[in-house]
Every structure is written in C-alpha cells, then in structure tokens.
$ cat structure.cif   # mmCIF, C-alpha atoms
data_final
#
loop_
_atom_site.group_PDB
_atom_site.id
_atom_site.type_symbol
_atom_site.label_atom_id
_atom_site.label_comp_id
_atom_site.auth_asym_id
_atom_site.auth_seq_id
_atom_site.Cartn_x
_atom_site.Cartn_y
_atom_site.Cartn_z
ATOM 1 C CA MET A 1 2.817 71.503 -7.158
ATOM 2 C CA ASN A 2 6.212 73.011 -6.408
ATOM 3 C CA GLN A 3 8.522 70.122 -7.263
ATOM 4 C CA GLU A 4 11.626 71.846 -5.888
ATOM 5 C CA VAL A 5 10.035 72.138 -2.436
ATOM 6 C CA VAL A 6 9.172 68.417 -2.480
ATOM 7 C CA LYS A 7 12.735 67.538 -3.568
ATOM 8 C CA GLN A 8 14.172 69.677 -0.755
ATOM 9 C CA LEU A 9 11.872 68.107 1.863
ATOM 10 C CA LEU A 10 12.785 64.624 0.639
ATOM 11 C CA GLN A 11 16.493 65.468 0.812
ATOM 12 C CA GLU A 12 16.100 66.726 4.385
ATOM 13 C CA ALA A 13 14.310 63.523 5.407
ATOM 14 C CA LEU A 14 16.958 61.318 3.766
ATOM 15 C CA GLU A 15 19.767 63.212 5.519
ATOM 16 C CA GLU A 16 18.379 62.022 8.869
ATOM 17 C CA ASN A 17 19.300 58.436 7.919
ATOM 18 C CA GLU A 18 22.257 58.271 5.523
ATOM 19 C CA THR A 19 21.781 54.540 4.926
ATOM 20 C CA LEU A 20 18.655 55.350 2.883
ATOM 21 C CA PHE A 21 18.719 56.433 -0.753
ATOM 22 C CA LEU A 22 16.315 57.462 -3.478
ATOM 23 C CA ILE A 23 15.397 55.094 -6.290
ATOM 24 C CA GLU A 24 12.649 57.121 -7.940
ATOM 25 C CA LEU A 25 10.795 60.397 -7.448
ATOM 26 C CA SER A 26 7.893 60.967 -9.836
ATOM 27 C CA PHE A 27 5.337 63.716 -10.137
ATOM 28 C CA LEU A 28 2.304 62.123 -11.759
ATOM 29 C CA ALA A 29 -1.067 63.353 -12.970
ATOM 30 C CA ASN A 30 -3.554 64.778 -10.461
ATOM 31 C CA ASN A 31 -0.736 65.986 -8.172
ATOM 32 C CA LYS A 32 0.339 62.488 -7.177
ATOM 33 C CA ILE A 33 3.851 62.265 -5.744
ATOM 34 C CA PHE A 34 5.495 58.826 -5.913
ATOM 35 C CA ILE A 35 8.698 58.151 -3.962
ATOM 36 C CA GLU A 36 10.540 54.818 -4.035
ATOM 37 C CA LEU A 37 13.362 54.305 -1.537
ATOM 38 C CA ASP A 38 15.943 51.697 -0.616
ATOM 39 C CA GLY A 39 18.552 51.348 2.089
ATOM 40 C CA ASP A 40 21.991 49.818 2.442
ATOM 41 C CA ALA A 41 20.450 47.320 4.887
ATOM 42 C CA GLY A 42 16.930 47.539 3.477
ATOM 43 C CA ILE A 43 14.241 49.955 4.609
ATOM 44 C CA ASN A 44 11.505 49.433 7.149
ATOM 45 C CA LEU A 45 7.948 50.707 7.283
ATOM 46 C CA ASN A 46 8.720 53.214 10.049
ATOM 47 C CA GLU A 47 11.267 54.976 7.818
ATOM 48 C CA CYS A 48 8.743 55.224 4.968
ATOM 49 C CA ILE A 49 6.215 56.690 7.400
ATOM 50 C CA ARG A 50 8.770 59.147 8.822
ATOM 51 C CA ILE A 51 9.706 60.424 5.368
ATOM 52 C CA SER A 52 6.086 60.620 4.254
ATOM 53 C CA ARG A 53 5.138 62.643 7.327
ATOM 54 C CA HIS A 54 8.102 64.978 6.936
ATOM 55 C CA ILE A 55 7.023 65.832 3.393
ATOM 56 C CA GLU A 56 3.274 65.863 4.026
ATOM 57 C CA HIS A 57 3.439 68.022 7.166
ATOM 58 C CA ASN A 58 5.532 70.646 5.377
ATOM 59 C CA LEU A 59 3.222 71.034 2.382
ATOM 60 C CA ASP A 60 -0.034 72.962 2.569
ATOM 61 C CA ARG A 61 -3.067 71.104 1.245
ATOM 62 C CA GLU A 62 -4.969 74.400 1.362
ATOM 63 C CA ASP A 63 -2.718 75.765 -1.409
ATOM 64 C CA GLU A 64 -2.828 72.619 -3.514
ATOM 65 C CA ASP A 65 -4.256 69.170 -2.860
ATOM 66 C CA PHE A 66 -1.948 66.202 -3.510
ATOM 67 C CA SER A 67 -1.499 62.520 -2.810
ATOM 68 C CA LEU A 68 1.793 61.106 -1.583
ATOM 69 C CA GLU A 69 3.066 57.533 -1.791
ATOM 70 C CA VAL A 70 6.370 56.626 -0.134
ATOM 71 C CA THR A 71 7.335 53.009 -0.675
ATOM 72 C CA SER A 72 10.278 50.659 -0.341
ATOM 73 C CA VAL A 73 11.756 49.097 -3.439
ATOM 74 C CA ASP A 74 10.235 45.806 -4.567
ATOM 75 C CA ILE A 75 12.848 43.023 -4.478
ATOM 76 C CA SER A 76 11.485 41.604 -7.741
ATOM 77 C CA LYS A 77 12.041 44.881 -9.624
ATOM 78 C CA PRO A 78 15.171 45.530 -11.687
ATOM 79 C CA LEU A 79 18.008 47.491 -10.103
ATOM 80 C CA LYS A 80 18.043 51.163 -11.109
ATOM 81 C CA VAL A 81 20.885 52.977 -9.333
ATOM 82 C CA PRO A 82 24.567 52.116 -8.671
ATOM 83 C CA ARG A 83 24.085 52.031 -4.899
ATOM 84 C CA GLN A 84 21.685 49.089 -5.327
ATOM 85 C CA TYR A 85 24.434 47.118 -7.054
ATOM 86 C CA GLN A 86 26.850 47.997 -4.245
ATOM 87 C CA LYS A 87 24.466 46.808 -1.541
ATOM 88 C CA ASN A 88 24.056 43.479 -3.370
ATOM 89 C CA ILE A 89 27.749 42.503 -3.420
ATOM 90 C CA GLY A 90 27.927 38.767 -2.795
ATOM 91 C CA ARG A 91 24.477 38.078 -4.248
ATOM 92 C CA ILE A 92 23.641 36.482 -7.591
ATOM 93 C CA LEU A 93 22.538 38.906 -10.280
ATOM 94 C CA SER A 94 20.759 38.096 -13.535
ATOM 95 C CA VAL A 95 21.690 40.674 -16.189
ATOM 96 C CA LYS A 96 20.302 41.293 -19.670
ATOM 97 C CA THR A 97 22.448 43.636 -21.738
ATOM 98 C CA VAL A 98 21.218 46.007 -24.430
ATOM 99 C CA GLU A 99 22.975 43.718 -26.946
ATOM 100 C CA GLY A 100 20.744 40.814 -25.834
ATOM 101 C CA GLU A 101 23.385 38.906 -23.863
ATOM 102 C CA LYS A 102 22.283 37.189 -20.635
ATOM 103 C CA ILE A 103 24.760 36.863 -17.783
ATOM 104 C CA GLU A 104 24.176 35.400 -14.344
ATOM 105 C CA GLY A 105 26.859 35.710 -11.715
ATOM 106 C CA THR A 106 27.804 36.813 -8.234
ATOM 107 C CA VAL A 107 28.367 40.539 -7.752
ATOM 108 C CA VAL A 108 32.061 40.860 -6.872
ATOM 109 C CA SER A 109 32.264 44.652 -6.904
ATOM 110 C CA ALA A 110 30.336 47.704 -8.032
ATOM 111 C CA ASP A 111 31.175 51.378 -8.360
ATOM 112 C CA LEU A 112 29.516 54.428 -9.892
ATOM 113 C CA ASN A 113 30.132 53.239 -13.478
ATOM 114 C CA ASN A 114 30.003 49.449 -13.643
ATOM 115 C CA VAL A 115 29.421 46.141 -11.893
ATOM 116 C CA SER A 116 31.744 43.106 -11.822
ATOM 117 C CA LEU A 117 30.251 39.619 -11.935
ATOM 118 C CA GLU A 118 31.866 36.225 -11.455
ATOM 119 C CA TRP A 119 30.495 32.746 -12.197
ATOM 120 C CA LYS A 120 31.569 29.166 -12.858
ATOM 121 C CA ALA A 121 31.172 27.568 -16.291
ATOM 122 C CA ARG A 122 31.880 24.162 -17.785
ATOM 123 C CA GLU A 123 34.028 24.268 -20.912
ATOM 124 C CA PRO A 124 35.688 21.625 -23.074
ATOM 125 C CA LYS A 125 39.223 20.734 -21.992
ATOM 126 C CA PRO A 126 41.918 22.377 -24.129
ATOM 127 C CA ILE A 127 43.453 18.934 -24.718
ATOM 128 C CA GLY A 128 41.587 15.657 -24.628
ATOM 129 C CA LYS A 129 38.009 14.710 -23.961
ATOM 130 C CA GLY A 130 35.722 15.988 -21.228
ATOM 131 C CA LYS A 131 35.036 19.315 -19.614
ATOM 132 C CA VAL A 132 36.643 21.455 -16.974
ATOM 133 C CA THR A 133 35.103 24.024 -14.609
ATOM 134 C CA VAL A 134 36.468 27.531 -15.120
ATOM 135 C CA THR A 135 35.806 30.840 -13.373
ATOM 136 C CA LYS A 136 34.523 33.572 -15.661
ATOM 137 C CA GLN A 137 34.336 37.287 -14.985
ATOM 138 C CA ALA A 138 32.646 40.241 -16.644
ATOM 139 C CA VAL A 139 32.767 43.954 -15.951
ATOM 140 C CA ILE A 140 29.544 45.497 -17.220
ATOM 141 C CA ASP A 141 28.978 49.222 -17.671
ATOM 142 C CA TYR A 142 25.604 50.326 -16.273
ATOM 143 C CA ASN A 143 24.786 52.006 -19.611
ATOM 144 C CA SER A 144 24.946 48.628 -21.346
ATOM 145 C CA ILE A 145 22.524 46.969 -18.897
ATOM 146 C CA LYS A 146 18.947 46.642 -20.110
ATOM 147 C CA GLU A 147 17.760 44.892 -16.939
ATOM 148 C CA ALA A 148 19.428 43.509 -13.812
ATOM 149 C CA LYS A 149 17.617 41.606 -11.086
ATOM 150 C CA VAL A 150 18.816 40.000 -7.897
ATOM 151 C CA LYS A 151 18.173 36.267 -8.032
ATOM 152 C CA ILE A 152 16.130 35.257 -5.031
ATOM 153 C CA ILE A 153 17.274 31.954 -3.511
ATOM 154 C CA PHE A 154 15.347 30.176 -0.768
ATOM 155 C CA ASN A 155 17.339 27.736 1.356
#

$ encode --input "structure.cif" --output "structure tokens"
Amino acid sequence: MNQEVVKQLLQEALEENETLFLIELSFLANNKIFIELDGDAGINLNECIRISRHIEHNLDREDEDFSLEVTSVDISKPLKVPRQYQKNIGRILSVKTVEGEKIEGTVVSADLNNVSLEWKAREPKPIGKGKVTVTKQAVIDYNSIKEAKVKIIFN
C-alpha cells in the first residue's frame, strides 16, 4: 500500500471542504486504512462518503486489495488536535493532566499550543467565616494534557 498516495488523495478531498480536518490516519494490518475526521461545525455522513469515494476510486484494487474506513470523530472520545479545542470554545471541558490534576472548566480560548479554561469555585473568605465564589483560570499546554473530553450536557 502506497501510503503517500493515500495521504495525497485524502488531502485533495479535504481541500474541497476547508471546514473539515483530519484527526487520525492509520495504516493497519491487512491493508486496512482508517481515517477519522472532524469539522468546525461537525461532519455529516455525505462528507465521509465523498472522501471515501475520492480515495477508493483513485486506488487500484487490482494492484493491491485494501479496506477503507472513513468515520467522523466520536463525541465521547478525547480531543486529539488543537483545532478540536478551538471548535469547542464555550463548551465545558474535563481535563486530566499528565501530573494527575483534574480540571473542569469552560474553554475560553485555544491556539496551536494551549487551551485556556475558566470555572467558578467556592473558597473560604479571606476574612471572617463563610465562603465566596471566585472565578479561576488555567492555561494548559497541550503537551501536559493526558486526556481532555467535552462534557456532554443534556438540557
């Protein structure tokens, strides 16, 4: 299986809709090609089919047999690429860091290197009894994130 040809065909298909982006491209045993995609506004089945057909119709099964799976990202899976963090600005993210810290907050911003979260916490008053609600913030480098998942909230 010529992996460079598959990568080029995938790139061509993605260029037709710039709101789509690659999460994972894997070449597995028995010539299985696995492609996981996402989009700035999600991705629909027709786009997965279009990309699959573009790749499949430009590869020759007579030369080498293969199987191809093009799928959308599963909402329950951890985020993998910076663009996923960017598309989830305003949503609640549950983050586990490599140091073992757990942070849950709203995505305020995200760039190519890190994500900024904000959340409310109850802390003891500096003077006197009782607690006060404070706004906390954290800027987390992607390299220090072990796992980050969007918290799904049903209203």

$ residues_around --input "structure.cif" --residues "range 13-21 of chain A" --least-positions-apart "5" --cutoff "7 Å" --atoms "all atoms listed in the file" --output "list of chain:residue names"
A:Leu37, A:Asp38, A:Gly39, A:Asp40, A:Ile51, A:His54

$ closest_residue --input "structure.cif" --among "A:Lys146, A:Lys80, A:Lys136, A:Lys96" --to "Ile23 in chain A" --atoms "all atoms listed in the file"
A:Lys80

$ resolve_selection --input "structure.cif" --expression "the PyMOL selection byres ((chain A and resi 91) around 6)" --output "MDAnalysis selection string"
chainID A and resid 88:90 92 106:107

$ write_last_selection --input "structure.cif" --atoms "C-alpha atoms" --output "compact mmCIF listing (two decimals), in the frame of the given file"
# COMPACT_ATOMS: atom_id res chain seq x y z
CA ASN A 88 24.06 43.48 -3.37
CA ILE A 89 27.75 42.50 -3.42
CA GLY A 90 27.93 38.77 -2.80
CA ILE A 92 23.64 36.48 -7.59
CA THR A 106 27.80 36.81 -8.23
CA VAL A 107 28.37 40.54 -7.75

$ residues_near_point --input "structure.cif" --point "(30.1, 24.9, -20.7)" --cutoff "10 Å" --atoms "only C-alpha atoms" --output "list in words"
Lys120, Ala121, Arg122, Glu123, Pro124, Lys131, Val132, Thr133 and Val134 of chain A

$ resolve_selection --input "structure.cif" --expression "the PyMOL selection byres ((chain A and resi 99) around 12)" --output "ChimeraX atom specification"
/A:95-98,100-103,140,143-147

$ atom_distance --input "structure.cif" --atom1 "CA of Lys149 in chain A" --atom2 "CA of Val115 in chain A"
12.7 Å

$ resolve_selection --input "structure.cif" --expression "the PyMOL selection byres ((chain A and resi 69) around 6)" --output "JSON, numbers by chain"
{"A": [34, 68, 70]}

$ atom_distance --input "structure.cif" --atom1 "CA of Asn46 in chain A" --atom2 "CA of Ile153 in chain A"
26.6 Å

$ atom_distance --input "structure.cif" --atom1 "CA of Ser52 in chain A" --atom2 "CA of Ile33 in chain A"
10.4 Å
